[in-house]
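Beneath this line is the structure, given in structure tokens, with notes to follow.
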Amino acid sequence: MTTPNTEDAAAAGKPSRVLVLNSGSSSVKYQLLDMDDRSRLASGLVERIGEETSRLVHTPPAGGGEPRERTGRIADHDEALKAAAEELAADGLGLDSPDLAAIGHRVVHGGLRFTEPTVVTDDVLKEIERLVPVAPLHNPANITGIRTAQALRPDLPQVAVFDTAFHTTMPEYAARYAIDVETADAHRIRRYGFHGTSHAYVSRRAAELLGKEPADVNVIVLHLGNGASASAVAGGRCVETSMGLTPLEGLVMGTRSGDIDPAVTFHLKRVAGMSADEIDVLLNKKSGLVGLCGDNDMREIRRRVDEGDERAALAFDIYVHRLKKYIGAYAAVLGRVDAVVFTAGVGENSAPVREAAIAGLEELGLAVDADLNAVRSGVPRLISPDYARVAVAVVPTDEELEIATQTFALVDN
Ligand code: ADP
């Protein structure tokens, strides 16, 4: 056995844990990670905050037993975070621990200013607040989460990790809408993109899977969850993404339409007499797969397709057709593609979606091996045959780990 030297001993005492908070308008997801070995210590979800039916589900560390559940009203984010802190303390992972290095927050909209993870100061909070008009649903909840965490541990660095940051490298010609420049600039209307933490993580892991440096590969990432977005990443930098001013643009999603002729909205207003808010709800909540066939869970849609349900089959075809259009477009944007990578709930789990999206794209060098595609696994893997010119891969995303990694990198000095 070797005796630890002084440097090792000092390192052993350094705080290495990061709490990651993802605060929504009525929910908070949390994960405590140990950055020494990038392990997940515990995690949980508080949902329906402010309602009588609030629920907290806490998953203790491995070997710590079954997930624990609390039900009954949790009034606000402050109570939610305190309840989460109690659960963590019950596992011996209290937030008052000197092992906690920082709290990392997912912040949806960072506008143009935040291109990197940022330690939260009063000025940073003010800027996140200034962005509320372009992210009315998300940024207020993120701000509440940050304030609550600050109150709990005022001594700790709070780090904001922005969903938009990875996309700030998009060239101006990709980020700007072709509308009147003065109007666009006055209202900060441009394409920002979202899911950036996932696109950053997955594109890097894809490079690793190919045995290359991120700087040496061009990849198309398809993040297909309930929300869905594509990105074109050239040499580690995002050059194009499918979401725009808001997450509504781009792919067909669980409940969002994705790309649509903007004139549809005038038509709905003038002809159907709908208000802006009603159209907002229609396009964000009642469209996409749910609007097309009544279901937004790809498992259920596939079950219905297999039973011969025509509406489900059409919804599936529309979903896949849009994906193909984006793969083709991004192949053109990138010029050379090394990999097409599927991630998130649908991308990681739905072999039929992957197969259908790549089918017929042999001219682009793309093919899927049926056996490899059928394998269910939680690790990054190739699903293309050896002969394919372009790799097709499945890379599970891990936004919490990426937020923790970025947070820790900023405070570990
Ligand atoms: P988000 O984070 O956007 O809420 P996820 O990335 O968790 O979403 O993806 C959720 C979606 O993944 C579900 O709506 C469902 O369509 C899909 N999904 C999850 N598991 C499977 C599966 N085994 N097969 C097919 N689709 C799945």
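Naming scheme: A, B, ... for chains in displayed order of the structure tokens; residues 1 onward per chain; ligands 1 onward as shown.
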Practice item. Go through stretch 185-405 of chain A and collect every residue that DSSP, computed from the backbone, puts in strand (DSSP E or B); the answer should be as a PyMOL selection string. Key: chain A and resi 218-224+228-234+237-241+339-343+381-382+391-394
Practice item. Extract, using only C-alpha atoms, all DNA, RNA and protein residues at most 8 Å from A:Gly236, discarding same-chain residues fewer than 2 positions from it, and format them as a list in words. Key: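 So, after excluding close chain neighbours, the residues are Ala200, Ser203, Arg204, Pro214, Ala215, Asp216, Val217, Asn218, Val233, Ala234 and Cys238 of chain A.
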Point to revise | Among listed residues A:Ala228, A:Leu209, A:Leu33, A:Ala329, nearest ligand 1 (using only C-alpha atoms and all ligand atoms) | key: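 Looking only at the distances to ligand 1, the closest residue turns out to be A:Ala228.
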Exercise for review: Excluding A:Ile103 and any residue of its chain fewer than 6 positions from it, enumerate the residues within 8 Å of it, using only C-alpha atoms, and give them as a ChimeraX atom specification.
Suggested key: /A:18-21,149,156-159,407
Which chains and residue numbers are within 12 Å of ligand 1, counting only C-alpha atoms and all ligand atoms, if I want them as a PDB file with N, CA and C atoms, in the first residue's frame?
```
ATOM      1  N   ASN A  22     -33.180  21.227 -12.274  1.00  0.00           N
ATOM      2  CA  ASN A  22     -33.896  21.563 -13.499  1.00  0.00           C
ATOM      3  C   ASN A  22     -35.302  21.987 -13.056  1.00  0.00           C
ATOM      4  N   GLY A  24     -38.860  23.532 -13.519  1.00  0.00           N
ATOM      5  CA  GLY A  24     -39.924  23.900 -14.453  1.00  0.00           C
ATOM      6  C   GLY A  24     -40.964  24.732 -13.726  1.00  0.00           C
ATOM      7  N   LYS A  29     -36.630  18.876 -11.026  1.00  0.00           N
ATOM      8  CA  LYS A  29     -35.892  17.616 -11.069  1.00  0.00           C
ATOM      9  C   LYS A  29     -34.534  17.886 -10.464  1.00  0.00           C
ATOM     10  N   PHE A 194     -32.493  25.090 -28.919  1.00  0.00           N
ATOM     11  CA  PHE A 194     -32.599  24.592 -27.532  1.00  0.00           C
ATOM     12  C   PHE A 194     -32.009  23.184 -27.463  1.00  0.00           C
ATOM     13  N   HIS A 195     -32.137  22.535 -26.311  1.00  0.00           N
ATOM     14  CA  HIS A 195     -31.554  21.200 -26.090  1.00  0.00           C
ATOM     15  C   HIS A 195     -30.037  21.234 -26.271  1.00  0.00           C
ATOM     16  N   SER A 198     -27.747  18.786 -24.440  1.00  0.00           N
ATOM     17  CA  SER A 198     -27.809  17.426 -24.974  1.00  0.00           C
ATOM     18  C   SER A 198     -27.026  17.330 -26.290  1.00  0.00           C
ATOM     19  N   LEU A 222     -29.823  13.913 -33.691  1.00  0.00           N
ATOM     20  CA  LEU A 222     -31.289  13.948 -33.667  1.00  0.00           C
ATOM     21  C   LEU A 222     -31.738  13.672 -32.239  1.00  0.00           C
ATOM     22  N   HIS A 223     -32.094  14.730 -31.525  1.00  0.00           N
ATOM     23  CA  HIS A 223     -32.575  14.592 -30.138  1.00  0.00           C
ATOM     24  C   HIS A 223     -34.089  14.434 -30.223  1.00  0.00           C
ATOM     25  N   LEU A 224     -34.549  13.189 -30.063  1.00  0.00           N
ATOM     26  CA  LEU A 224     -35.976  12.906 -30.246  1.00  0.00           C
ATOM     27  C   LEU A 224     -36.591  12.483 -28.922  1.00  0.00           C
ATOM     28  N   GLY A 225     -37.042  13.464 -28.163  1.00  0.00           N
ATOM     29  CA  GLY A 225     -37.757  13.168 -26.920  1.00  0.00           C
ATOM     30  C   GLY A 225     -39.203  13.548 -27.145  1.00  0.00           C
ATOM     31  N   ASN A 226     -39.858  14.053 -26.106  1.00  0.00           N
ATOM     32  CA  ASN A 226     -41.187  14.591 -26.323  1.00  0.00           C
ATOM     33  C   ASN A 226     -41.040  15.888 -27.126  1.00  0.00           C
ATOM     34  N   GLY A 227     -40.090  16.741 -26.687  1.00  0.00           N
ATOM     35  CA  GLY A 227     -39.610  17.815 -27.562  1.00  0.00           C
ATOM     36  C   GLY A 227     -38.545  17.193 -28.450  1.00  0.00           C
ATOM     37  N   ALA A 228     -38.363  17.719 -29.651  1.00  0.00           N
ATOM     38  CA  ALA A 228     -37.367  17.098 -30.539  1.00  0.00           C
ATOM     39  C   ALA A 228     -36.639  18.172 -31.333  1.00  0.00           C
ATOM     40  N   SER A 229     -35.336  17.973 -31.511  1.00  0.00           N
ATOM     41  CA  SER A 229     -34.578  18.917 -32.334  1.00  0.00           C
ATOM     42  C   SER A 229     -33.398  18.218 -32.985  1.00  0.00           C
ATOM     43  N   PRO A 247     -38.960  26.743 -28.888  1.00  0.00           N
ATOM     44  CA  PRO A 247     -38.819  25.319 -29.261  1.00  0.00           C
ATOM     45  C   PRO A 247     -39.868  24.827 -30.251  1.00  0.00           C
ATOM     46  N   VAL A 252     -41.301  17.414 -36.152  1.00  0.00           N
ATOM     47  CA  VAL A 252     -42.604  17.077 -35.556  1.00  0.00           C
ATOM     48  C   VAL A 252     -42.308  16.537 -34.156  1.00  0.00           C
ATOM     49  N   MET A 253     -43.020  17.016 -33.141  1.00  0.00           N
ATOM     50  CA  MET A 253     -42.728  16.594 -31.765  1.00  0.00           C
ATOM     51  C   MET A 253     -43.950  15.906 -31.162  1.00  0.00           C
ATOM     52  N   GLY A 254     -43.849  15.611 -29.855  1.00  0.00           N
ATOM     53  CA  GLY A 254     -44.961  14.941 -29.182  1.00  0.00           C
ATOM     54  C   GLY A 254     -46.241  15.745 -29.299  1.00  0.00           C
ATOM     55  N   THR A 255     -46.148  17.040 -28.968  1.00  0.00           N
ATOM     56  CA  THR A 255     -47.352  17.880 -28.996  1.00  0.00           C
ATOM     57  C   THR A 255     -47.154  19.159 -29.809  1.00  0.00           C
ATOM     58  N   ARG A 256     -45.954  19.377 -30.373  1.00  0.00           N
ATOM     59  CA  ARG A 256     -45.697  20.594 -31.164  1.00  0.00           C
ATOM     60  C   ARG A 256     -45.648  20.265 -32.652  1.00  0.00           C
ATOM     61  N   GLY A 288     -48.431  18.235 -33.412  1.00  0.00           N
ATOM     62  CA  GLY A 288     -47.453  17.145 -33.460  1.00  0.00           C
ATOM     63  C   GLY A 288     -48.164  15.803 -33.463  1.00  0.00           C
ATOM     64  N   LEU A 289     -47.530  14.812 -32.860  1.00  0.00           N
ATOM     65  CA  LEU A 289     -48.094  13.458 -32.865  1.00  0.00           C
ATOM     66  C   LEU A 289     -49.463  13.421 -32.198  1.00  0.00           C
ATOM     67  N   VAL A 290     -49.607  14.168 -31.084  1.00  0.00           N
ATOM     68  CA  VAL A 290     -50.883  14.123 -30.369  1.00  0.00           C
ATOM     69  C   VAL A 290     -52.010  14.706 -31.224  1.00  0.00           C
ATOM     70  N   ASP A 295     -52.123  10.398 -29.734  1.00  0.00           N
ATOM     71  CA  ASP A 295     -51.104   9.851 -28.819  1.00  0.00           C
ATOM     72  C   ASP A 295     -49.779  10.544 -29.075  1.00  0.00           C
ATOM     73  N   ASN A 296     -49.005  10.766 -28.006  1.00  0.00           N
ATOM     74  CA  ASN A 296     -47.661  11.287 -28.260  1.00  0.00           C
ATOM     75  C   ASN A 296     -46.569  10.328 -27.802  1.00  0.00           C
ATOM     76  N   ASP A 297     -46.975   9.170 -27.306  1.00  0.00           N
ATOM     77  CA  ASP A 297     -45.962   8.204 -26.890  1.00  0.00           C
ATOM     78  C   ASP A 297     -45.680   7.266 -28.067  1.00  0.00           C
ATOM     79  N   MET A 298     -44.427   7.259 -28.500  1.00  0.00           N
ATOM     80  CA  MET A 298     -44.073   6.485 -29.692  1.00  0.00           C
ATOM     81  C   MET A 298     -44.354   4.991 -29.521  1.00  0.00           C
ATOM     82  N   ARG A 299     -44.273   4.499 -28.272  1.00  0.00           N
ATOM     83  CA  ARG A 299     -44.581   3.076 -28.044  1.00  0.00           C
ATOM     84  C   ARG A 299     -46.026   2.770 -28.425  1.00  0.00           C
ATOM     85  N   GLU A 300     -46.932   3.666 -27.959  1.00  0.00           N
ATOM     86  CA  GLU A 300     -48.356   3.480 -28.225  1.00  0.00           C
ATOM     87  C   GLU A 300     -48.633   3.639 -29.724  1.00  0.00           C
ATOM     88  N   ILE A 301     -47.973   4.622 -30.340  1.00  0.00           N
ATOM     89  CA  ILE A 301     -48.191   4.835 -31.778  1.00  0.00           C
ATOM     90  C   ILE A 301     -47.761   3.603 -32.568  1.00  0.00           C
ATOM     91  N   ARG A 302     -46.606   3.036 -32.225  1.00  0.00           N
ATOM     92  CA  ARG A 302     -46.147   1.837 -32.939  1.00  0.00           C
ATOM     93  C   ARG A 302     -47.103   0.661 -32.720  1.00  0.00           C
ATOM     94  N   ARG A 303     -47.616   0.547 -31.487  1.00  0.00           N
ATOM     95  CA  ARG A 303     -48.559  -0.533 -31.208  1.00  0.00           C
ATOM     96  C   ARG A 303     -49.784  -0.402 -32.127  1.00  0.00           C
ATOM     97  N   PHE A 316     -46.993   8.603 -37.883  1.00  0.00           N
ATOM     98  CA  PHE A 316     -45.629   8.059 -37.901  1.00  0.00           C
ATOM     99  C   PHE A 316     -44.905   8.486 -39.178  1.00  0.00           C
ATOM    100  N   TYR A 319     -43.966  12.155 -39.108  1.00  0.00           N
ATOM    101  CA  TYR A 319     -42.848  12.323 -38.167  1.00  0.00           C
ATOM    102  C   TYR A 319     -41.523  11.945 -38.839  1.00  0.00           C
ATOM    103  N   PHE A 342     -28.694   9.250 -33.011  1.00  0.00           N
ATOM    104  CA  PHE A 342     -30.028   9.313 -32.401  1.00  0.00           C
ATOM    105  C   PHE A 342     -29.898   9.363 -30.885  1.00  0.00           C
ATOM    106  N   THR A 343     -30.719  10.224 -30.261  1.00  0.00           N
ATOM    107  CA  THR A 343     -30.702  10.279 -28.794  1.00  0.00           C
ATOM    108  C   THR A 343     -32.073  10.672 -28.240  1.00  0.00           C
ATOM    109  N   ALA A 344     -32.195  10.640 -26.907  1.00  0.00           N
ATOM    110  CA  ALA A 344     -33.413  10.953 -26.130  1.00  0.00           C
ATOM    111  C   ALA A 344     -34.455   9.822 -26.275  1.00  0.00           C
ATOM    112  N   GLY A 345     -35.574   9.964 -25.558  1.00  0.00           N
ATOM    113  CA  GLY A 345     -36.541   8.870 -25.399  1.00  0.00           C
ATOM    114  C   GLY A 345     -36.857   8.084 -26.669  1.00  0.00           C
ATOM    115  N   VAL A 346     -37.245   8.773 -27.733  1.00  0.00           N
ATOM    116  CA  VAL A 346     -37.583   8.087 -28.981  1.00  0.00           C
ATOM    117  C   VAL A 346     -36.302   7.625 -29.685  1.00  0.00           C
ATOM    118  N   GLY A 347     -35.334   8.509 -29.772  1.00  0.00           N
ATOM    119  CA  GLY A 347     -34.095   8.196 -30.499  1.00  0.00           C
ATOM    120  C   GLY A 347     -33.348   7.019 -29.902  1.00  0.00           C
ATOM    121  N   GLU A 348     -33.369   6.916 -28.569  1.00  0.00           N
ATOM    122  CA  GLU A 348     -32.635   5.831 -27.909  1.00  0.00           C
ATOM    123  C   GLU A 348     -33.400   4.514 -27.931  1.00  0.00           C
ATOM    124  N   ASN A 349     -34.729   4.613 -27.985  1.00  0.00           N
ATOM    125  CA  ASN A 349     -35.544   3.405 -27.782  1.00  0.00           C
ATOM    126  C   ASN A 349     -36.333   2.905 -28.970  1.00  0.00           C
ATOM    127  N   SER A 350     -36.591   3.774 -29.944  1.00  0.00           N
ATOM    128  CA  SER A 350     -37.484   3.327 -31.012  1.00  0.00           C
ATOM    129  C   SER A 350     -36.711   2.873 -32.256  1.00  0.00           C
ATOM    130  N   ALA A 351     -36.500   1.558 -32.352  1.00  0.00           N
ATOM    131  CA  ALA A 351     -35.822   1.004 -33.535  1.00  0.00           C
ATOM    132  C   ALA A 351     -36.615   1.307 -34.810  1.00  0.00           C
ATOM    133  N   PRO A 352     -37.967   1.230 -34.783  1.00  0.00           N
ATOM    134  CA  PRO A 352     -38.706   1.529 -36.024  1.00  0.00           C
ATOM    135  C   PRO A 352     -38.492   2.963 -36.520  1.00  0.00           C
ATOM    136  N   VAL A 353     -38.408   3.931 -35.607  1.00  0.00           N
ATOM    137  CA  VAL A 353     -38.169   5.317 -36.039  1.00  0.00           C
ATOM    138  C   VAL A 353     -36.785   5.422 -36.678  1.00  0.00           C
ATOM    139  N   ARG A 354     -35.782   4.820 -36.055  1.00  0.00           N
ATOM    140  CA  ARG A 354     -34.416   4.906 -36.603  1.00  0.00           C
ATOM    141  C   ARG A 354     -34.363   4.250 -37.984  1.00  0.00           C
ATOM    142  N   ALA A 374     -31.804  -3.517 -33.533  1.00  0.00           N
ATOM    143  CA  ALA A 374     -32.761  -4.159 -32.611  1.00  0.00           C
ATOM    144  C   ALA A 374     -32.197  -4.300 -31.194  1.00  0.00           C
ATOM    145  N   VAL A 375     -30.873  -4.141 -31.041  1.00  0.00           N
ATOM    146  CA  VAL A 375     -30.261  -4.318 -29.720  1.00  0.00           C
ATOM    147  C   VAL A 375     -30.740  -3.212 -28.775  1.00  0.00           C
ATOM    148  N   ARG A 376     -31.158  -3.602 -27.571  1.00  0.00           N
ATOM    149  CA  ARG A 376     -31.528  -2.596 -26.564  1.00  0.00           C
ATOM    150  C   ARG A 376     -30.368  -2.477 -25.596  1.00  0.00           C
ATOM    151  N   SER A 377     -29.907  -1.243 -25.401  1.00  0.00           N
ATOM    152  CA  SER A 377     -28.730  -1.068 -24.568  1.00  0.00           C
ATOM    153  C   SER A 377     -28.671   0.377 -24.098  1.00  0.00           C
ATOM    154  N   GLY A 378     -28.026   0.588 -22.964  1.00  0.00           N
ATOM    155  CA  GLY A 378     -27.930   1.944 -22.432  1.00  0.00           C
ATOM    156  C   GLY A 378     -26.597   2.599 -22.749  1.00  0.00           C
ATOM    157  N   PRO A 396     -27.040   7.507 -25.784  1.00  0.00           N
ATOM    158  CA  PRO A 396     -27.942   8.012 -24.740  1.00  0.00           C
ATOM    159  C   PRO A 396     -27.488   9.384 -24.240  1.00  0.00           C
ATOM    160  N   THR A 397     -28.437  10.279 -24.125  1.00  0.00           N
ATOM    161  CA  THR A 397     -28.067  11.609 -23.640  1.00  0.00           C
ATOM    162  C   THR A 397     -28.033  11.613 -22.122  1.00  0.00           C
ATOM    163  N   ASP A 398     -27.344  12.569 -21.539  1.00  0.00           N
ATOM    164  CA  ASP A 398     -27.319  12.702 -20.083  1.00  0.00           C
ATOM    165  C   ASP A 398     -27.105  14.187 -19.770  1.00  0.00           C
ATOM    166  N   GLU A 399     -28.221  14.930 -19.826  1.00  0.00           N
ATOM    167  CA  GLU A 399     -28.114  16.379 -19.657  1.00  0.00           C
ATOM    168  C   GLU A 399     -27.647  16.747 -18.257  1.00  0.00           C
ATOM    169  N   GLU A 400     -28.060  15.949 -17.261  1.00  0.00           N
ATOM    170  CA  GLU A 400     -27.666  16.271 -15.875  1.00  0.00           C
ATOM    171  C   GLU A 400     -26.162  16.112 -15.696  1.00  0.00           C
TER     172      GLU A 400
END
```
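Among the candidates A:Glu69, A:Ser257, A:Gln31, A:Ser39, the residue lying nearest to A:Lys286 is A:Ser257 (atoms considered: only C-alpha atoms).
Between atom CA of A:Arg68 and atom CA of A:Ser43 the separation is 10.8 Å.
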Exercise for review: Between A:His138, A:Thr241, A:Val57, A:Gly193, single out the one closest to A:Leu112, counting only C-alpha atoms.
Suggested key: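 Ranking A:His138, A:Thr241, A:Val57, A:Gly193 by distance to A:Leu112, first place goes to A:Gly193.
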Practice item. Write down as a VMD selection string the residues of stretch 116-321 of chain A whose backbone DSSP state falls under alpha helix (DSSP H). Key: chain A and resid 122 to 130 139 to 152 172 to 175 181 to 186 196 to 209 263 to 270 276 to 285 288 to 293 298 to 306 310 to 321
Check your understanding: Using only C-alpha atoms, which of A:Thr71, A:Thr246, A:Thr197, A:Ser27 sits nearest A:Glu52?
Key ->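 Smallest distance to A:Glu52 is found for A:Thr71.
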Check your understanding: Residues at most 12 Å from A:Val392, counting only C-alpha atoms, excluding those fewer than 3 positions away in the same chain, as a ChimeraX atom specification?
Key -> /A:206-207,209-210,219-222,327,337-343,347,354-355,357-359,361-362,364-370,372-373,380-389,395
Practice item. For stretch 118-127 of chain A, please output as number ranges by chain all residues within 10 Å (counting only C-alpha atoms; exclusion window: fewer than 5 positions along the same chain). Key: A: 102-105, 110-111, 113, 132, 142-143, 146-147, 150, 157-162, 406-407, 410-411
Practice item. Please provide as number ranges by chain all residues within 9 Å of A:Arg38, with the sequence filter that same-chain residues fewer than 4 positions apart are discarded (counting only C-alpha atoms). Key: A: 33-34, 401, 404-405
Would you put the residues from that selection into a file with all heavy atoms, as a PDB file, in the first residue's frame?
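The file below, again-v8.pdb, is the result:
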```pdb
ATOM      1  N   LEU A  33     -24.528  14.534  -8.030  1.00  0.00           N
ATOM      2  CA  LEU A  33     -23.487  13.734  -8.681  1.00  0.00           C
ATOM      3  C   LEU A  33     -22.156  13.931  -7.973  1.00  0.00           C
ATOM      4  O   LEU A  33     -21.889  15.018  -7.440  1.00  0.00           O
ATOM      5  CB  LEU A  33     -23.331  14.137 -10.153  1.00  0.00           C
ATOM      6  CG  LEU A  33     -24.542  13.819 -11.030  1.00  0.00           C
ATOM      7  CD1 LEU A  33     -25.336  15.072 -11.311  1.00  0.00           C
ATOM      8  CD2 LEU A  33     -24.096  13.192 -12.342  1.00  0.00           C
ATOM      9  N   ASP A  34     -21.337  12.888  -8.002  1.00  0.00           N
ATOM     10  CA  ASP A  34     -19.978  13.003  -7.477  1.00  0.00           C
ATOM     11  C   ASP A  34     -19.035  13.084  -8.663  1.00  0.00           C
ATOM     12  O   ASP A  34     -18.929  12.126  -9.441  1.00  0.00           O
ATOM     13  CB  ASP A  34     -19.630  11.792  -6.603  1.00  0.00           C
ATOM     14  CG  ASP A  34     -18.331  12.040  -5.847  1.00  0.00           C
ATOM     15  OD1 ASP A  34     -17.501  12.825  -6.361  1.00  0.00           O
ATOM     16  OD2 ASP A  34     -18.166  11.485  -4.753  1.00  0.00           O
ATOM     17  N   LEU A 401     -25.616  15.026 -16.258  1.00  0.00           N
ATOM     18  CA  LEU A 401     -24.176  14.820 -16.149  1.00  0.00           C
ATOM     19  C   LEU A 401     -23.428  15.952 -16.853  1.00  0.00           C
ATOM     20  O   LEU A 401     -22.423  16.457 -16.355  1.00  0.00           O
ATOM     21  CB  LEU A 401     -23.781  13.460 -16.751  1.00  0.00           C
ATOM     22  CG  LEU A 401     -22.281  13.168 -16.798  1.00  0.00           C
ATOM     23  CD1 LEU A 401     -21.670  13.172 -15.393  1.00  0.00           C
ATOM     24  CD2 LEU A 401     -22.004  11.823 -17.479  1.00  0.00           C
ATOM     25  N   ALA A 404     -23.599  19.017 -14.724  1.00  0.00           N
ATOM     26  CA  ALA A 404     -22.691  18.862 -13.579  1.00  0.00           C
ATOM     27  C   ALA A 404     -21.233  19.020 -14.025  1.00  0.00           C
ATOM     28  O   ALA A 404     -20.437  19.689 -13.350  1.00  0.00           O
ATOM     29  CB  ALA A 404     -22.903  17.492 -12.931  1.00  0.00           C
ATOM     30  N   THR A 405     -20.903  18.449 -15.178  1.00  0.00           N
ATOM     31  CA  THR A 405     -19.525  18.531 -15.677  1.00  0.00           C
ATOM     32  C   THR A 405     -19.147  19.987 -15.956  1.00  0.00           C
ATOM     33  O   THR A 405     -18.075  20.461 -15.569  1.00  0.00           O
ATOM     34  CB  THR A 405     -19.377  17.683 -16.974  1.00  0.00           C
ATOM     35  OG1 THR A 405     -19.819  16.359 -16.696  1.00  0.00           O
ATOM     36  CG2 THR A 405     -17.949  17.650 -17.457  1.00  0.00           C
TER      37      THR A 405
END
```
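Rounded to one decimal, atom CA of A:Arg55 and atom CA of A:Arg153 lie 23.8 Å from each other.
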Practice item. Please indicate the distance in Å from atom CA of A:Tyr330 to atom CA of A:Arg188, rounded to one decimal place. Key: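 Answer for the atom CA of A:Tyr330 to atom CA of A:Arg188 separation: 25.2 Å.
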Revision key, fill the gap. Restricting to only C-alpha atoms, whichever of A:Asp309, A:Ala42, A:Glu47, A:Leu248 is closest to A:Pro61 is A:Ala42
